[in-house]
Amino acid sequence: MEAISSFTPTVLVAIKIALWLFLILYILFAGIVIKQVRVMTETLQVGLEKSIRTLAVIHFIVSVFVFILSLIIL
Amino acid sequence: MPDVFNSHKQVESVEQNSSKKQIEVKKPEKKFKTPEDMDRHELPGHNHNPFAAYCYYPDHVNFVNADPEEKVVLLLRRHPITNLSWISIAFLMVIAPSFFVLIAPFSLLPPGFQVVLTILWYLIVTAFILEEFLSWFFHVNIVTDERIIEVDFINLIYREVTDANIDQIQDVTVVVGGAPRTFFRYGNVVIQTASEIPKIEFEAIPNPDAVARVLRELRIEEEQEKLEGRVR
């Protein structure tokens, strides 16, 4: 019962902002992953470069999509 | 029959044959076949799997600062079994949201928050898997006919490429210790060099004995090239 009373609208807004901030940081991280993959594939080529780059881009797109989704849902 | 009864030609041919045999005996015996000896695709240890941890004379491998004439002899990664620890953690992380409902604060959140938090959790899992996979896939050890190279990505933005010439290798030590390493035949190959970086370590690579032997043969080959004045 204490837990229910702790989730006041103010607390929910705080959680919401924290989630959005985290997602923004995650998008930045996903952007760094794209850059990292580019550096890695330039350093070593074994024939899977396209697939790995595509994977990193998909990861970035999904993180942006989740952020947009959180804006709609929350 | 004494040589007096043989013709000069016969004696010469016999002498030539014996000298040929001597030359053949002098040649060091190769334990590892090279593309000069047979077709590259039939070489033991050669494969086309881009995820292979041990590939002898790989087909399409290129790396930063590679010389155009340099041939890649070995491409090595950590043994796939070393990924088991992070795969197990990832598996636990994947199934963890099933138990989130048991945690009081999570179950008391509005449904929208629960959905976003769960998706967020899976994003974290994806990031974890991606990072672990990338660090395994791109942390490679390359042996070429001229040098040994270690490519290491310590974190997101830190890259370390170490190399030493084959003729600078002073000592090669194979370290295989512990039950999993003995069972799955993987271990470390510690290479002492005369270059600025005194030690290069190939960590948890498959067939460390075979790698040490290849390195030994390359060193012998390099010494022969030096003696014959064929150094690039």
# chains A, B, ... in the order shown; residues from 1 in each chain; ligands from 1
call {"tool": "closest_atom_pairs", "arguments": {"of": "chain B", "to": "chain A", "cutoff": "7 Å", "atoms": "only C-alpha atoms", "output": "Markdown table"}}
result
| residue | atom | partner | partner_atom | distance |
| --- | --- | --- | --- | --- |
| B:Pro50 | CA | A:Val46 | CA | 6.3 |
| B:His60 | CA | A:Val46 | CA | 5.8 |
| B:Val61 | CA | A:Val46 | CA | 4.7 |
| B:Asn62 | CA | A:Gln45 | CA | 5.0 |
| B:Phe63 | CA | A:Leu44 | CA | 4.4 |
| B:Val64 | CA | A:Thr43 | CA | 4.7 |
| B:Pro105 | CA | A:Ala3 | CA | 6.3 |
| B:Leu108 | CA | A:Ile4 | CA | 6.5 |
| B:Gly112 | CA | A:Ile73 | CA | 5.8 |
| B:Phe113 | CA | A:Leu74 | CA | 6.6 |
| B:Val116 | CA | A:Ser70 | CA | 6.1 |
| B:Phe138 | CA | A:Met40 | CA | 6.7 |
| B:Leu156 | CA | A:Gln36 | CA | 6.2 |
| B:Ile157 | CA | A:Gln36 | CA | 6.4 |
call {"tool": "residues_around", "arguments": {"residues": "region 121-134 of chain B", "least_positions_apart": "6", "cutoff": "8 Å", "atoms": "only C-alpha atoms", "output": "number ranges by chain"}}
result
A: 63; B: 86-87, 90, 93-94, 97
call {"tool": "write_last_selection", "arguments": {"atoms": "C-alpha atoms", "output": "PDB file, in the first residue's frame"}}
result
ATOM      1  CA  SER A  63      16.278   3.230 -30.426  1.00  0.00           C
TER       2      SER A  63
ATOM      3  CA  TRP B  86      28.164 -13.479 -21.870  1.00  0.00           C
ATOM      4  CA  ILE B  87      25.654 -15.598 -23.822  1.00  0.00           C
ATOM      5  CA  ALA B  90      22.264 -12.404 -22.097  1.00  0.00           C
ATOM      6  CA  MET B  93      18.617 -10.898 -19.167  1.00  0.00           C
ATOM      7  CA  VAL B  94      16.178 -11.932 -21.917  1.00  0.00           C
ATOM      8  CA  PRO B  97      11.192  -9.376 -17.640  1.00  0.00           C
TER       9      PRO B  97
END
call {"tool": "closest_residue", "arguments": {"among": "B:Leu74, B:Ala212, B:Val161, B:Ala194", "to": "Thr173 (chain B)", "atoms": "only C-alpha atoms"}}
result
B:Ala212
call {"tool": "residues_around", "arguments": {"residues": "Ala204 (chain B)", "least_positions_apart": "3", "cutoff": "6 Å", "atoms": "only C-alpha atoms", "output": "list in words"}}
result
Arg78, His79, Tyr186, Gly187 and Asn188 of chain B
call {"tool": "write_last_selection", "arguments": {"atoms": "N, CA and C atoms", "output": "PDB file, in the first residue's frame"}}
result
ATOM      1  N   ARG B  78      39.349 -15.305 -30.342  1.00  0.00           N
ATOM      2  CA  ARG B  78      39.176 -16.110 -29.137  1.00  0.00           C
ATOM      3  C   ARG B  78      38.262 -17.299 -29.468  1.00  0.00           C
ATOM      4  N   HIS B  79      38.487 -18.416 -28.826  1.00  0.00           N
ATOM      5  CA  HIS B  79      37.677 -19.622 -29.073  1.00  0.00           C
ATOM      6  C   HIS B  79      36.198 -19.298 -28.816  1.00  0.00           C
ATOM      7  N   TYR B 186      42.139 -24.896 -26.498  1.00  0.00           N
ATOM      8  CA  TYR B 186      42.471 -23.502 -26.773  1.00  0.00           C
ATOM      9  C   TYR B 186      43.366 -22.972 -25.658  1.00  0.00           C
ATOM     10  N   GLY B 187      44.092 -21.925 -25.968  1.00  0.00           N
ATOM     11  CA  GLY B 187      45.019 -21.378 -24.978  1.00  0.00           C
ATOM     12  C   GLY B 187      45.662 -20.102 -25.477  1.00  0.00           C
ATOM     13  N   ASN B 188      46.637 -19.643 -24.717  1.00  0.00           N
ATOM     14  CA  ASN B 188      47.320 -18.400 -25.071  1.00  0.00           C
ATOM     15  C   ASN B 188      48.642 -18.705 -25.772  1.00  0.00           C
TER      16      ASN B 188
END
call {"tool": "closest_residue", "arguments": {"among": "B:Asn207, B:Ser107, B:Thr144, B:Thr182", "to": "Arg77 (chain B)", "atoms": "only C-alpha atoms"}}
result
B:Asn207
call {"tool": "decode", "arguments": {"residues": "chain A", "atoms": "C-alpha atoms", "output": "compact mmCIF listing (two decimals), in the first residue's frame"}}
result
# COMPACT_ATOMS: atom_id res chain seq x y z
CA MET A 1 0.00 0.00 0.00
CA GLU A 2 2.95 2.27 0.68
CA ALA A 3 4.18 1.68 -2.87
CA ILE A 4 0.82 2.77 -4.34
CA SER A 5 0.83 5.96 -2.35
CA SER A 6 4.44 6.66 -3.43
CA PHE A 7 3.45 6.83 -7.15
CA THR A 8 1.91 10.26 -6.99
CA PRO A 9 1.61 12.24 -10.27
CA THR A 10 4.83 14.09 -9.37
CA VAL A 11 6.73 10.81 -9.01
CA LEU A 12 5.29 9.52 -12.29
CA VAL A 13 6.39 12.71 -14.08
CA ALA A 14 9.88 12.27 -12.59
CA ILE A 15 10.01 8.66 -13.82
CA LYS A 16 8.75 9.79 -17.24
CA ILE A 17 11.50 12.44 -17.55
CA ALA A 18 14.12 9.96 -16.34
CA LEU A 19 12.99 7.45 -18.98
CA TRP A 20 13.13 10.07 -21.75
CA LEU A 21 16.58 11.20 -20.65
CA PHE A 22 17.77 7.62 -20.61
CA LEU A 23 16.36 7.03 -24.09
CA ILE A 24 18.09 10.18 -25.41
CA LEU A 25 21.35 8.89 -23.96
CA TYR A 26 20.64 5.53 -25.54
CA ILE A 27 20.16 7.15 -28.97
CA LEU A 28 23.55 8.85 -28.52
CA PHE A 29 25.03 5.47 -27.60
CA ALA A 30 23.47 3.88 -30.71
CA GLY A 31 25.03 6.67 -32.80
CA ILE A 32 28.44 5.96 -31.24
CA VAL A 33 27.95 2.26 -32.05
CA ILE A 34 27.47 3.16 -35.74
CA LYS A 35 30.69 5.17 -35.66
CA GLN A 36 32.49 2.38 -33.78
CA VAL A 37 31.34 -0.24 -36.29
CA ARG A 38 32.59 1.98 -39.14
CA VAL A 39 36.03 2.24 -37.48
CA MET A 40 36.06 -1.51 -36.82
CA THR A 41 35.12 -2.43 -40.38
CA GLU A 42 37.75 -0.04 -41.74
CA THR A 43 40.35 -1.69 -39.52
CA LEU A 44 39.45 -5.25 -40.44
CA GLN A 45 37.59 -6.57 -43.47
CA VAL A 46 36.49 -10.18 -43.42
CA GLY A 47 33.45 -10.01 -45.69
CA LEU A 48 30.69 -9.21 -43.19
CA GLU A 49 31.06 -5.45 -43.16
CA LYS A 50 27.72 -4.63 -44.82
CA SER A 51 25.72 -6.88 -42.52
CA ILE A 52 27.33 -5.50 -39.37
CA ARG A 53 26.90 -1.89 -40.51
CA THR A 54 23.25 -2.61 -41.32
CA LEU A 55 22.81 -4.15 -37.86
CA ALA A 56 24.22 -1.01 -36.21
CA VAL A 57 21.95 1.25 -38.28
CA ILE A 58 18.89 -0.90 -37.45
CA HIS A 59 19.85 -0.67 -33.78
CA PHE A 60 19.95 3.13 -34.06
CA ILE A 61 16.58 3.28 -35.89
CA VAL A 62 14.97 1.03 -33.27
CA SER A 63 16.28 3.23 -30.43
CA VAL A 64 14.79 6.34 -32.11
CA PHE A 65 11.54 4.45 -32.66
CA VAL A 66 11.39 3.46 -28.97
CA PHE A 67 11.93 7.08 -27.96
CA ILE A 68 9.04 8.21 -30.21
CA LEU A 69 6.92 5.36 -28.83
CA SER A 70 7.66 6.44 -25.26
CA LEU A 71 6.59 10.01 -26.15
CA ILE A 72 3.25 8.62 -27.38
CA ILE A 73 2.65 6.07 -24.61
CA LEU A 74 3.78 8.03 -21.54
